[in-house]
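Q: My questions all concern the structure below.
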Amino acid sequence: MDYDLTGKTIIVVGGGGYIGSHVCKAIADNGGLPVTFDNFGSGHTHAVKWGPYETVDLRDKAATLGTFTKHKDAHAVVHLASSIEVGIGEKDPAGFYENNVIGALNLLEAMRALELNNLIFSSTCATYGETNQMPLLESHIQNPFSVYGKTKLAIEQMIQSYHKAYGLSYITLRYFNASGADVSGEIGEEHEPETHLIPIALASASGLRGKMKIFGTDYDTPDGTCIRDYIHVTDIAEAHICGFKSIAKGLTQAEVNIGTGQGVSNLEILQMIERVTGRHVPYDAAPRRDGDLTRLYADPQRAKDLLGFTAQHSSLKNIIQTAWNFHSKQWNL
Ligand code: UDP
């Protein structure tokens with residue numbers, strides 16, 4: 001709560017989504033008014049609780065400009081809306097490029113027309129090229145493997161060009177594995193279809209789906225399963241508040257990892273779920289999933305140096321506890 005957004009409107013594009021709804025809450029907690037823009041294709045109106053919303057699809061250039069014009073006095077824009085399901089991107093790159101890249105171009109054009117100059121963009125560690133060198137630094141080469149990662153990199157580069165040519169101030173946040181849920185249990189991860197490890201494992205532990213699959217148990221890691229950097233969604237939301245503060249202090253351009261720096265294996269996730277829920281997670285070992293890297297975790301130092309951000313809520317226990325709290329309410333357990 002060290003930064004006051006009182007009287008400031010922040011446009012949150014994708015505010016009906018998992019991360020977006022937590023960003024809206026953090027903005028409201030800091031005195032600001034989050035205005036959600038969403039097409040509600042995958043976001044939910046019931047997750048918009050801290051301000052008004054506008055139903056708008058970024059692929060519609062005229063509608064996008066019209067909606068931004070209604071809120072042209074906004075202090076800043078957060079852009080989180082995108083197609084994120086990696087497997088779907090491989091099958092439908094046209095849809096991904098249209099939704100993510102054309103959508104972002106229309107957003108940037110609306111911002112330029114209205115002289116809205118402050119942007120926080122949600123990017124991803126999936127923009128980095130394959131490597132075994134961990135932790136990942138922001139300077140690591142960006143050579144994404146997936147269509148999803150390629151679209152996010154294209155947007156990062158567009159934003160850099162807008163900075164150079166038109167003076168846009170921006171911070172690009174490269175998230176690692178978003179996880180957990182708000183402590184209230186009111187908002188959390190609700191993807192359809194769900195593909196992420198933690199909600200799937202919680203559903204299996206609850207008996208709501210059969211045995212889950214662990215994709216790959218023969219990786220070169222201590223227990224043979226992949227290693228990821230799980231960061232609590234409340235910490236990700238807080239990183240945005242740190243971002244507004246840094247822009248207010250004069251930061252005009254940054255690409256920053258948002259992770260904890262700690263790697264956790266898939267089996268360690270399952271063990272923590274069993275500890276927290278007291279329920280067994282039934283699983284079968286399955287072949288490796290296409291495109292999965294063995295290990296992926298952030299170097300979080302730049303976030304600390306540039307934004308004053310360090311993860312505070314991301315112990316594995318808290319991640320699982322808050323996710324379980326949300327899902328057990330959602331599933332009426
Ligand atoms: N994973 C798994 N079973 C599942 C879903 C995910 O074994 O049903 C693994 C996946 O292969 C990866 C890790 O869990 O090693 C994290 O995957 P997730 O999709 O949650 O996030 P990603 O790292 O792909 O963004």
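To be explicit about the labels: the chains of the structure tokens are called A, B, and onward in the order shown, and within each one the residues are counted from 1, while ligands get numbers from 1 in the order they are shown.
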List all protein, DNA and RNA residues that have an atom no more than 7 Å from any atom of ligand 1, counting only C-alpha atoms and all ligand atoms, and report them as a PyMOL selection string.
A: chain A and resi 177+195-198+200+212-216+225-228+266+288-289+292
Q: Residues within 10 Å of range 305-316 of chain A, please, as a PyMOL selection string. Count only C-alpha atoms; anything in the same chain fewer than 2 positions from it doesn't count.
A: chain A and resi 171+178-180+183+229-236+238-247+251+254-256+258-262+264+268-269+272-273+300-303+318-321
Q: Please provide as a list of chain:residue names all residues within 8 Å of range 57-74 of chain A, with the sequence filter that same-chain residues fewer than 3 positions apart are discarded (counting only C-alpha atoms).
A: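 My list of contacting residues is A:Lys8, A:Thr9, A:Ile10, A:Ile11, A:Asp38, A:Asn39, A:Glu54, A:Val77, A:Glu98, A:Asn99, A:Ile102, A:Gly103, A:Ala104, A:Asn106, A:Leu107, A:Glu109, A:Ala110, A:Met111, A:Leu114, A:Leu116.
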Q: Could the residues in this selection be written to a file with all heavy atoms, as a short mmCIF file (atom, residue, chain, number, x, y, z; two decimals), in the first residue's frame?
A:
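Writing the result to part.cif gives the following:
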```cif
data_model
loop_
_atom_site.label_atom_id
_atom_site.label_comp_id
_atom_site.auth_asym_id
_atom_site.auth_seq_id
_atom_site.Cartn_x
_atom_site.Cartn_y
_atom_site.Cartn_z
N LYS A 8 -7.22 8.03 -9.69
CA LYS A 8 -6.71 7.64 -11.00
C LYS A 8 -7.50 6.45 -11.55
O LYS A 8 -7.76 5.47 -10.85
CB LYS A 8 -5.23 7.26 -10.90
CG LYS A 8 -4.34 8.44 -10.52
CD LYS A 8 -2.88 8.07 -10.68
CE LYS A 8 -1.97 9.27 -10.57
NZ LYS A 8 -1.66 9.64 -9.19
N THR A 9 -7.83 6.57 -12.84
CA THR A 9 -8.47 5.46 -13.54
C THR A 9 -7.40 4.68 -14.29
O THR A 9 -6.55 5.28 -14.96
CB THR A 9 -9.50 6.01 -14.55
OG1 THR A 9 -10.56 6.63 -13.82
CG2 THR A 9 -10.07 4.90 -15.42
N ILE A 10 -7.45 3.37 -14.16
CA ILE A 10 -6.53 2.52 -14.92
C ILE A 10 -7.39 1.60 -15.80
O ILE A 10 -8.27 0.90 -15.29
CB ILE A 10 -5.66 1.63 -14.00
CG1 ILE A 10 -5.04 2.41 -12.84
CG2 ILE A 10 -4.64 0.84 -14.83
CD1 ILE A 10 -3.80 3.16 -13.12
N ILE A 11 -7.13 1.61 -17.08
CA ILE A 11 -7.83 0.70 -18.00
C ILE A 11 -7.12 -0.65 -17.93
O ILE A 11 -5.90 -0.73 -18.13
CB ILE A 11 -7.81 1.25 -19.44
CG1 ILE A 11 -8.60 2.56 -19.51
CG2 ILE A 11 -8.35 0.21 -20.42
CD1 ILE A 11 -8.45 3.31 -20.84
N ASP A 38 -12.95 -6.02 -21.86
CA ASP A 38 -12.82 -7.47 -22.09
C ASP A 38 -13.84 -7.87 -23.14
O ASP A 38 -14.92 -7.27 -23.21
CB ASP A 38 -13.08 -8.22 -20.77
CG ASP A 38 -12.36 -9.55 -20.69
OD1 ASP A 38 -12.59 -10.39 -21.58
OD2 ASP A 38 -11.59 -9.77 -19.74
N ASN A 39 -13.50 -8.88 -23.95
CA ASN A 39 -14.55 -9.40 -24.85
C ASN A 39 -15.29 -10.56 -24.20
O ASN A 39 -16.23 -11.10 -24.77
CB ASN A 39 -13.97 -9.80 -26.22
CG ASN A 39 -13.05 -11.01 -26.15
OD1 ASN A 39 -12.84 -11.57 -25.08
ND2 ASN A 39 -12.53 -11.42 -27.29
N GLU A 54 -16.36 -2.65 -19.78
CA GLU A 54 -16.80 -2.41 -21.15
C GLU A 54 -16.58 -3.70 -21.92
O GLU A 54 -15.49 -4.29 -21.82
CB GLU A 54 -15.94 -1.32 -21.82
CG GLU A 54 -15.94 0.03 -21.12
CD GLU A 54 -17.11 0.89 -21.56
OE1 GLU A 54 -17.98 0.43 -22.33
OE2 GLU A 54 -17.15 2.06 -21.11
N VAL A 77 -2.69 2.20 -18.88
CA VAL A 77 -3.36 1.04 -19.45
C VAL A 77 -2.55 -0.20 -19.08
O VAL A 77 -1.32 -0.20 -19.15
CB VAL A 77 -3.43 1.16 -20.99
CG1 VAL A 77 -4.06 -0.08 -21.62
CG2 VAL A 77 -4.21 2.43 -21.40
N GLU A 98 -4.19 -12.95 -35.01
CA GLU A 98 -5.25 -11.94 -35.12
C GLU A 98 -5.63 -11.40 -33.74
O GLU A 98 -5.66 -10.19 -33.50
CB GLU A 98 -6.48 -12.52 -35.82
CG GLU A 98 -7.48 -11.44 -36.14
CD GLU A 98 -8.75 -11.96 -36.75
OE1 GLU A 98 -9.06 -13.15 -36.58
OE2 GLU A 98 -9.45 -11.16 -37.39
N ASN A 99 -5.89 -12.32 -32.82
CA ASN A 99 -6.35 -11.88 -31.50
C ASN A 99 -5.24 -11.16 -30.74
O ASN A 99 -5.46 -10.10 -30.14
CB ASN A 99 -6.84 -13.09 -30.70
CG ASN A 99 -7.69 -12.68 -29.52
OD1 ASN A 99 -8.45 -11.72 -29.59
ND2 ASN A 99 -7.56 -13.40 -28.43
N ILE A 102 -2.83 -8.37 -33.86
CA ILE A 102 -3.71 -7.31 -34.42
C ILE A 102 -4.42 -6.59 -33.28
O ILE A 102 -4.53 -5.36 -33.27
CB ILE A 102 -4.75 -7.88 -35.40
CG1 ILE A 102 -4.08 -8.69 -36.51
CG2 ILE A 102 -5.66 -6.78 -35.97
CD1 ILE A 102 -3.38 -7.91 -37.56
N GLY A 103 -4.87 -7.36 -32.30
CA GLY A 103 -5.54 -6.75 -31.14
C GLY A 103 -4.63 -5.75 -30.45
O GLY A 103 -5.04 -4.63 -30.11
N ALA A 104 -3.36 -6.13 -30.24
CA ALA A 104 -2.42 -5.22 -29.56
C ALA A 104 -2.14 -3.98 -30.42
O ALA A 104 -2.01 -2.87 -29.90
CB ALA A 104 -1.12 -5.95 -29.23
N ASN A 106 -4.22 -2.58 -32.51
CA ASN A 106 -5.39 -1.69 -32.38
C ASN A 106 -5.38 -0.96 -31.04
O ASN A 106 -5.74 0.22 -30.95
CB ASN A 106 -6.68 -2.49 -32.57
CG ASN A 106 -6.85 -2.95 -34.02
OD1 ASN A 106 -6.23 -2.40 -34.93
ND2 ASN A 106 -7.68 -3.96 -34.24
N LEU A 107 -4.97 -1.67 -29.99
CA LEU A 107 -4.87 -1.04 -28.67
C LEU A 107 -3.82 0.08 -28.70
O LEU A 107 -4.06 1.21 -28.25
CB LEU A 107 -4.51 -2.10 -27.63
CG LEU A 107 -4.17 -1.64 -26.21
CD1 LEU A 107 -4.68 -2.66 -25.19
CD2 LEU A 107 -2.68 -1.44 -25.99
N GLU A 109 -2.73 1.75 -31.23
CA GLU A 109 -3.18 2.86 -32.08
C GLU A 109 -4.20 3.73 -31.35
O GLU A 109 -4.19 4.96 -31.47
CB GLU A 109 -3.76 2.32 -33.39
CG GLU A 109 -2.67 2.01 -34.40
CD GLU A 109 -1.87 3.27 -34.75
OE1 GLU A 109 -2.26 3.98 -35.68
OE2 GLU A 109 -0.87 3.57 -34.07
N ALA A 110 -5.09 3.10 -30.59
CA ALA A 110 -6.07 3.88 -29.81
C ALA A 110 -5.33 4.71 -28.77
O ALA A 110 -5.61 5.90 -28.58
CB ALA A 110 -7.09 2.96 -29.16
N MET A 111 -4.35 4.10 -28.10
CA MET A 111 -3.57 4.84 -27.09
C MET A 111 -2.84 6.02 -27.74
O MET A 111 -2.80 7.12 -27.18
CB MET A 111 -2.57 3.91 -26.40
CG MET A 111 -3.21 2.91 -25.45
SD MET A 111 -1.98 1.87 -24.63
CE MET A 111 -1.13 3.06 -23.58
N LEU A 114 -5.11 8.94 -28.58
CA LEU A 114 -5.63 9.66 -27.42
C LEU A 114 -4.52 10.18 -26.50
O LEU A 114 -4.79 10.71 -25.43
CB LEU A 114 -6.58 8.74 -26.63
CG LEU A 114 -7.81 8.30 -27.43
CD1 LEU A 114 -8.53 7.14 -26.75
CD2 LEU A 114 -8.77 9.47 -27.62
N LEU A 116 -2.55 8.49 -24.70
CA LEU A 116 -2.42 7.70 -23.46
C LEU A 116 -1.04 7.06 -23.52
O LEU A 116 -0.78 6.20 -24.35
CB LEU A 116 -3.50 6.61 -23.42
CG LEU A 116 -4.91 7.06 -23.08
CD1 LEU A 116 -5.93 5.99 -23.42
CD2 LEU A 116 -4.97 7.38 -21.59
#
```
Q: Nearest residue to Gly188 in chain A out of A:Ser122, A:Asn257, A:Thr45, A:Asn325, using only C-alpha atoms?
A: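 The shortest atom-to-atom distance to Gly188 in chain A comes from A:Asn325.
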Q: Give me, as number ranges by chain, all polymer residues having an atom no more than 9 Å from Gly167 in chain A, counting only C-alpha atoms and skipping those fewer than 5 positions away in the same chain.
A: A: 117, 162, 252
Q: Excluding Thr124 in chain A and its own-chain neighbours fewer than 3 positions away, which residues fall within 6 Å of it when counting only C-alpha atoms? Please give them as an MDAnalysis selection string.
A: chainID A and resid 127 174:175
Q: I need the chosen residues saved as a compact mmCIF listing (two decimals), in the first residue's frame, with C-alpha atoms.
A:
```
# COMPACT_ATOMS: atom_id res chain seq x y z
CA THR A 127 9.28 -15.59 -25.38
CA ARG A 174 7.47 -11.47 -18.45
CA TYR A 175 5.52 -13.72 -16.12
```
Q: Based on the backbone DSSP call, show me all residues of range 25-130 of chain A assigned strand (DSSP E), as a list in words.
A: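 Matching residues for strand (DSSP E) in range 25-130 of chain A are Leu33, Pro34, Val35, Thr36, Phe37, Asp38, Tyr53, Glu54, Thr55, Ala76, Val77, Val78, His79, Asn118, Leu119, Ile120, Phe121, Ser122, Ser123 and Thr124 of chain A.
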Q: Can those selected residues be exported to a file as a compact mmCIF listing (two decimals), in the first residue's frame so that it contains all heavy atoms?
A:
```txt
# COMPACT_ATOMS: atom_id res chain seq x y z
N LEU A 33 -9.23 3.37 -9.64
CA LEU A 33 -10.45 2.80 -10.23
C LEU A 33 -10.06 1.97 -11.46
O LEU A 33 -9.66 2.52 -12.49
CB LEU A 33 -11.41 3.90 -10.65
CG LEU A 33 -12.69 3.38 -11.35
CD1 LEU A 33 -13.58 2.61 -10.36
CD2 LEU A 33 -13.47 4.52 -12.01
N PRO A 34 -10.18 0.64 -11.37
CA PRO A 34 -9.90 -0.18 -12.54
C PRO A 34 -11.12 -0.24 -13.46
O PRO A 34 -12.23 -0.54 -13.00
CB PRO A 34 -9.61 -1.56 -11.94
CG PRO A 34 -10.37 -1.59 -10.65
CD PRO A 34 -10.50 -0.16 -10.17
N VAL A 35 -10.92 0.09 -14.73
CA VAL A 35 -12.01 -0.06 -15.71
C VAL A 35 -11.62 -1.22 -16.63
O VAL A 35 -10.61 -1.15 -17.34
CB VAL A 35 -12.20 1.23 -16.53
CG1 VAL A 35 -13.29 1.02 -17.58
CG2 VAL A 35 -12.58 2.38 -15.62
N THR A 36 -12.41 -2.28 -16.55
CA THR A 36 -12.10 -3.48 -17.33
C THR A 36 -12.60 -3.34 -18.76
O THR A 36 -13.75 -2.95 -18.98
CB THR A 36 -12.78 -4.70 -16.67
OG1 THR A 36 -12.09 -4.99 -15.45
CG2 THR A 36 -12.75 -5.93 -17.57
N PHE A 37 -11.71 -3.65 -19.71
CA PHE A 37 -12.12 -3.85 -21.11
C PHE A 37 -11.93 -5.36 -21.37
O PHE A 37 -10.83 -5.88 -21.15
CB PHE A 37 -11.22 -3.11 -22.09
CG PHE A 37 -11.34 -1.61 -22.12
CD1 PHE A 37 -12.05 -0.89 -21.17
CD2 PHE A 37 -10.70 -0.90 -23.14
CE1 PHE A 37 -12.13 0.50 -21.21
CE2 PHE A 37 -10.78 0.49 -23.20
CZ PHE A 37 -11.48 1.19 -22.24
N ASP A 38 -12.95 -6.02 -21.86
CA ASP A 38 -12.82 -7.47 -22.09
C ASP A 38 -13.84 -7.87 -23.14
O ASP A 38 -14.92 -7.27 -23.21
CB ASP A 38 -13.08 -8.22 -20.77
CG ASP A 38 -12.36 -9.55 -20.69
OD1 ASP A 38 -12.59 -10.39 -21.58
OD2 ASP A 38 -11.59 -9.77 -19.74
N TYR A 53 -17.13 -2.23 -16.28
CA TYR A 53 -16.50 -2.90 -17.42
C TYR A 53 -17.13 -2.47 -18.72
O TYR A 53 -18.26 -1.99 -18.76
CB TYR A 53 -16.52 -4.43 -17.28
CG TYR A 53 -17.87 -5.11 -17.37
CD1 TYR A 53 -18.49 -5.35 -18.59
CD2 TYR A 53 -18.52 -5.53 -16.21
CE1 TYR A 53 -19.71 -5.98 -18.67
CE2 TYR A 53 -19.75 -6.17 -16.28
CZ TYR A 53 -20.34 -6.40 -17.51
OH TYR A 53 -21.55 -7.01 -17.57
N GLU A 54 -16.36 -2.65 -19.78
CA GLU A 54 -16.80 -2.41 -21.15
C GLU A 54 -16.58 -3.70 -21.92
O GLU A 54 -15.49 -4.29 -21.82
CB GLU A 54 -15.94 -1.32 -21.82
CG GLU A 54 -15.94 0.03 -21.12
CD GLU A 54 -17.11 0.89 -21.56
OE1 GLU A 54 -17.98 0.43 -22.33
OE2 GLU A 54 -17.15 2.06 -21.11
N THR A 55 -17.60 -4.15 -22.66
CA THR A 55 -17.41 -5.32 -23.49
C THR A 55 -16.92 -4.86 -24.86
O THR A 55 -17.62 -4.16 -25.58
CB THR A 55 -18.75 -6.09 -23.64
OG1 THR A 55 -19.22 -6.41 -22.33
CG2 THR A 55 -18.56 -7.38 -24.42
N ALA A 76 -3.32 5.21 -16.95
CA ALA A 76 -2.45 4.18 -17.54
C ALA A 76 -3.32 3.04 -18.07
O ALA A 76 -4.51 2.95 -17.76
CB ALA A 76 -1.48 3.64 -16.49
N VAL A 77 -2.69 2.20 -18.88
CA VAL A 77 -3.36 1.04 -19.45
C VAL A 77 -2.55 -0.20 -19.08
O VAL A 77 -1.32 -0.20 -19.15
CB VAL A 77 -3.43 1.16 -20.99
CG1 VAL A 77 -4.06 -0.08 -21.62
CG2 VAL A 77 -4.21 2.43 -21.40
N VAL A 78 -3.27 -1.24 -18.66
CA VAL A 78 -2.65 -2.55 -18.46
C VAL A 78 -3.21 -3.46 -19.54
O VAL A 78 -4.44 -3.54 -19.68
CB VAL A 78 -2.99 -3.13 -17.07
CG1 VAL A 78 -2.34 -4.51 -16.89
CG2 VAL A 78 -2.55 -2.19 -15.96
N HIS A 79 -2.35 -4.12 -20.29
CA HIS A 79 -2.85 -4.99 -21.37
C HIS A 79 -2.53 -6.46 -21.06
O HIS A 79 -1.39 -6.89 -21.15
CB HIS A 79 -2.23 -4.59 -22.71
CG HIS A 79 -2.70 -5.44 -23.85
ND1 HIS A 79 -3.96 -6.00 -23.90
CD2 HIS A 79 -2.06 -5.87 -24.97
CE1 HIS A 79 -4.09 -6.70 -25.00
NE2 HIS A 79 -2.95 -6.64 -25.67
N ASN A 118 1.07 5.63 -20.96
CA ASN A 118 1.65 4.70 -19.97
C ASN A 118 1.03 3.32 -20.13
O ASN A 118 -0.18 3.15 -19.98
CB ASN A 118 1.36 5.19 -18.55
CG ASN A 118 1.98 6.55 -18.27
OD1 ASN A 118 3.01 6.89 -18.86
ND2 ASN A 118 1.35 7.31 -17.40
N LEU A 119 1.90 2.32 -20.37
CA LEU A 119 1.40 0.96 -20.63
C LEU A 119 2.16 -0.06 -19.80
O LEU A 119 3.40 -0.02 -19.74
CB LEU A 119 1.57 0.62 -22.11
CG LEU A 119 1.22 -0.81 -22.55
CD1 LEU A 119 -0.28 -1.08 -22.41
CD2 LEU A 119 1.66 -1.06 -23.98
N ILE A 120 1.42 -0.98 -19.20
CA ILE A 120 2.07 -2.18 -18.64
C ILE A 120 1.53 -3.37 -19.41
O ILE A 120 0.31 -3.59 -19.50
CB ILE A 120 1.79 -2.32 -17.13
CG1 ILE A 120 2.39 -1.11 -16.40
CG2 ILE A 120 2.42 -3.63 -16.61
CD1 ILE A 120 2.38 -1.19 -14.90
N PHE A 121 2.44 -4.12 -20.01
CA PHE A 121 2.06 -5.23 -20.90
C PHE A 121 2.45 -6.56 -20.27
O PHE A 121 3.56 -6.72 -19.77
CB PHE A 121 2.77 -5.06 -22.26
CG PHE A 121 2.60 -6.25 -23.15
CD1 PHE A 121 1.32 -6.66 -23.55
CD2 PHE A 121 3.69 -6.98 -23.58
CE1 PHE A 121 1.16 -7.78 -24.36
CE2 PHE A 121 3.54 -8.09 -24.39
CZ PHE A 121 2.26 -8.49 -24.78
N SER A 122 1.53 -7.50 -20.34
CA SER A 122 1.83 -8.82 -19.77
C SER A 122 2.39 -9.73 -20.85
O SER A 122 1.69 -10.14 -21.77
CB SER A 122 0.58 -9.44 -19.15
OG SER A 122 -0.36 -9.75 -20.12
N SER A 123 3.68 -10.03 -20.69
CA SER A 123 4.33 -10.97 -21.59
C SER A 123 4.67 -12.23 -20.80
O SER A 123 4.10 -12.48 -19.73
CB SER A 123 5.56 -10.33 -22.23
OG SER A 123 6.06 -11.16 -23.26
N THR A 124 5.59 -13.00 -21.30
CA THR A 124 5.76 -14.35 -20.76
C THR A 124 7.19 -14.85 -20.92
O THR A 124 7.89 -14.47 -21.88
CB THR A 124 4.80 -15.31 -21.51
OG1 THR A 124 5.20 -16.67 -21.27
CG2 THR A 124 4.82 -15.10 -23.01
```
Q: Can you pull out every residue within 7 Å of Ala181 in chain A, counting only C-alpha atoms, but drop anything in the same chain fewer than 5 positions away, and send it as a ChimeraX atom specification?
A: /A:187-189,233,322-323,326
Q: Measure the distance from CA of Ala81 in chain A to CA of Pro93 in chain A in Å and round it to one decimal.
A: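 Interatomic distance, CA of Ala81 in chain A to CA of Pro93 in chain A: 16.5 Å.
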Q: Quick one: everything within 10 Å of Gly87 in chain A, counting only C-alpha atoms, minus sequence neighbours fewer than 5 positions away in the same chain. Send it as a list in words.
A: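 What passes the distance filter is Asp92, Ser146, Val147, Tyr148, Thr195, Asp290 and Gly291 of chain A.
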Q: Of the candidates A:Thr294, A:Thr217, A:Ser204, A:Gln253, which shows the shortest atom-to-atom distance to Ser169 in chain A, using only C-alpha atoms?
A: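 Looking only at the distances to Ser169 in chain A, the closest residue turns out to be A:Gln253.
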Q: Would you compute the distance between CA of Asp4 in chain A and CA of Gly31 in chain A? Give it in Å to one decimal.
A: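 Between CA of Asp4 in chain A and CA of Gly31 in chain A the gap is 6.0 Å.
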Q: With distances taken over only C-alpha atoms, which residue among A:Glu90, A:Ile141, A:Glu190, A:Gly224 lies nearest Gly16 in chain A?
A: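 Of the candidates, the smallest distance to Gly16 in chain A is held by A:Glu190.
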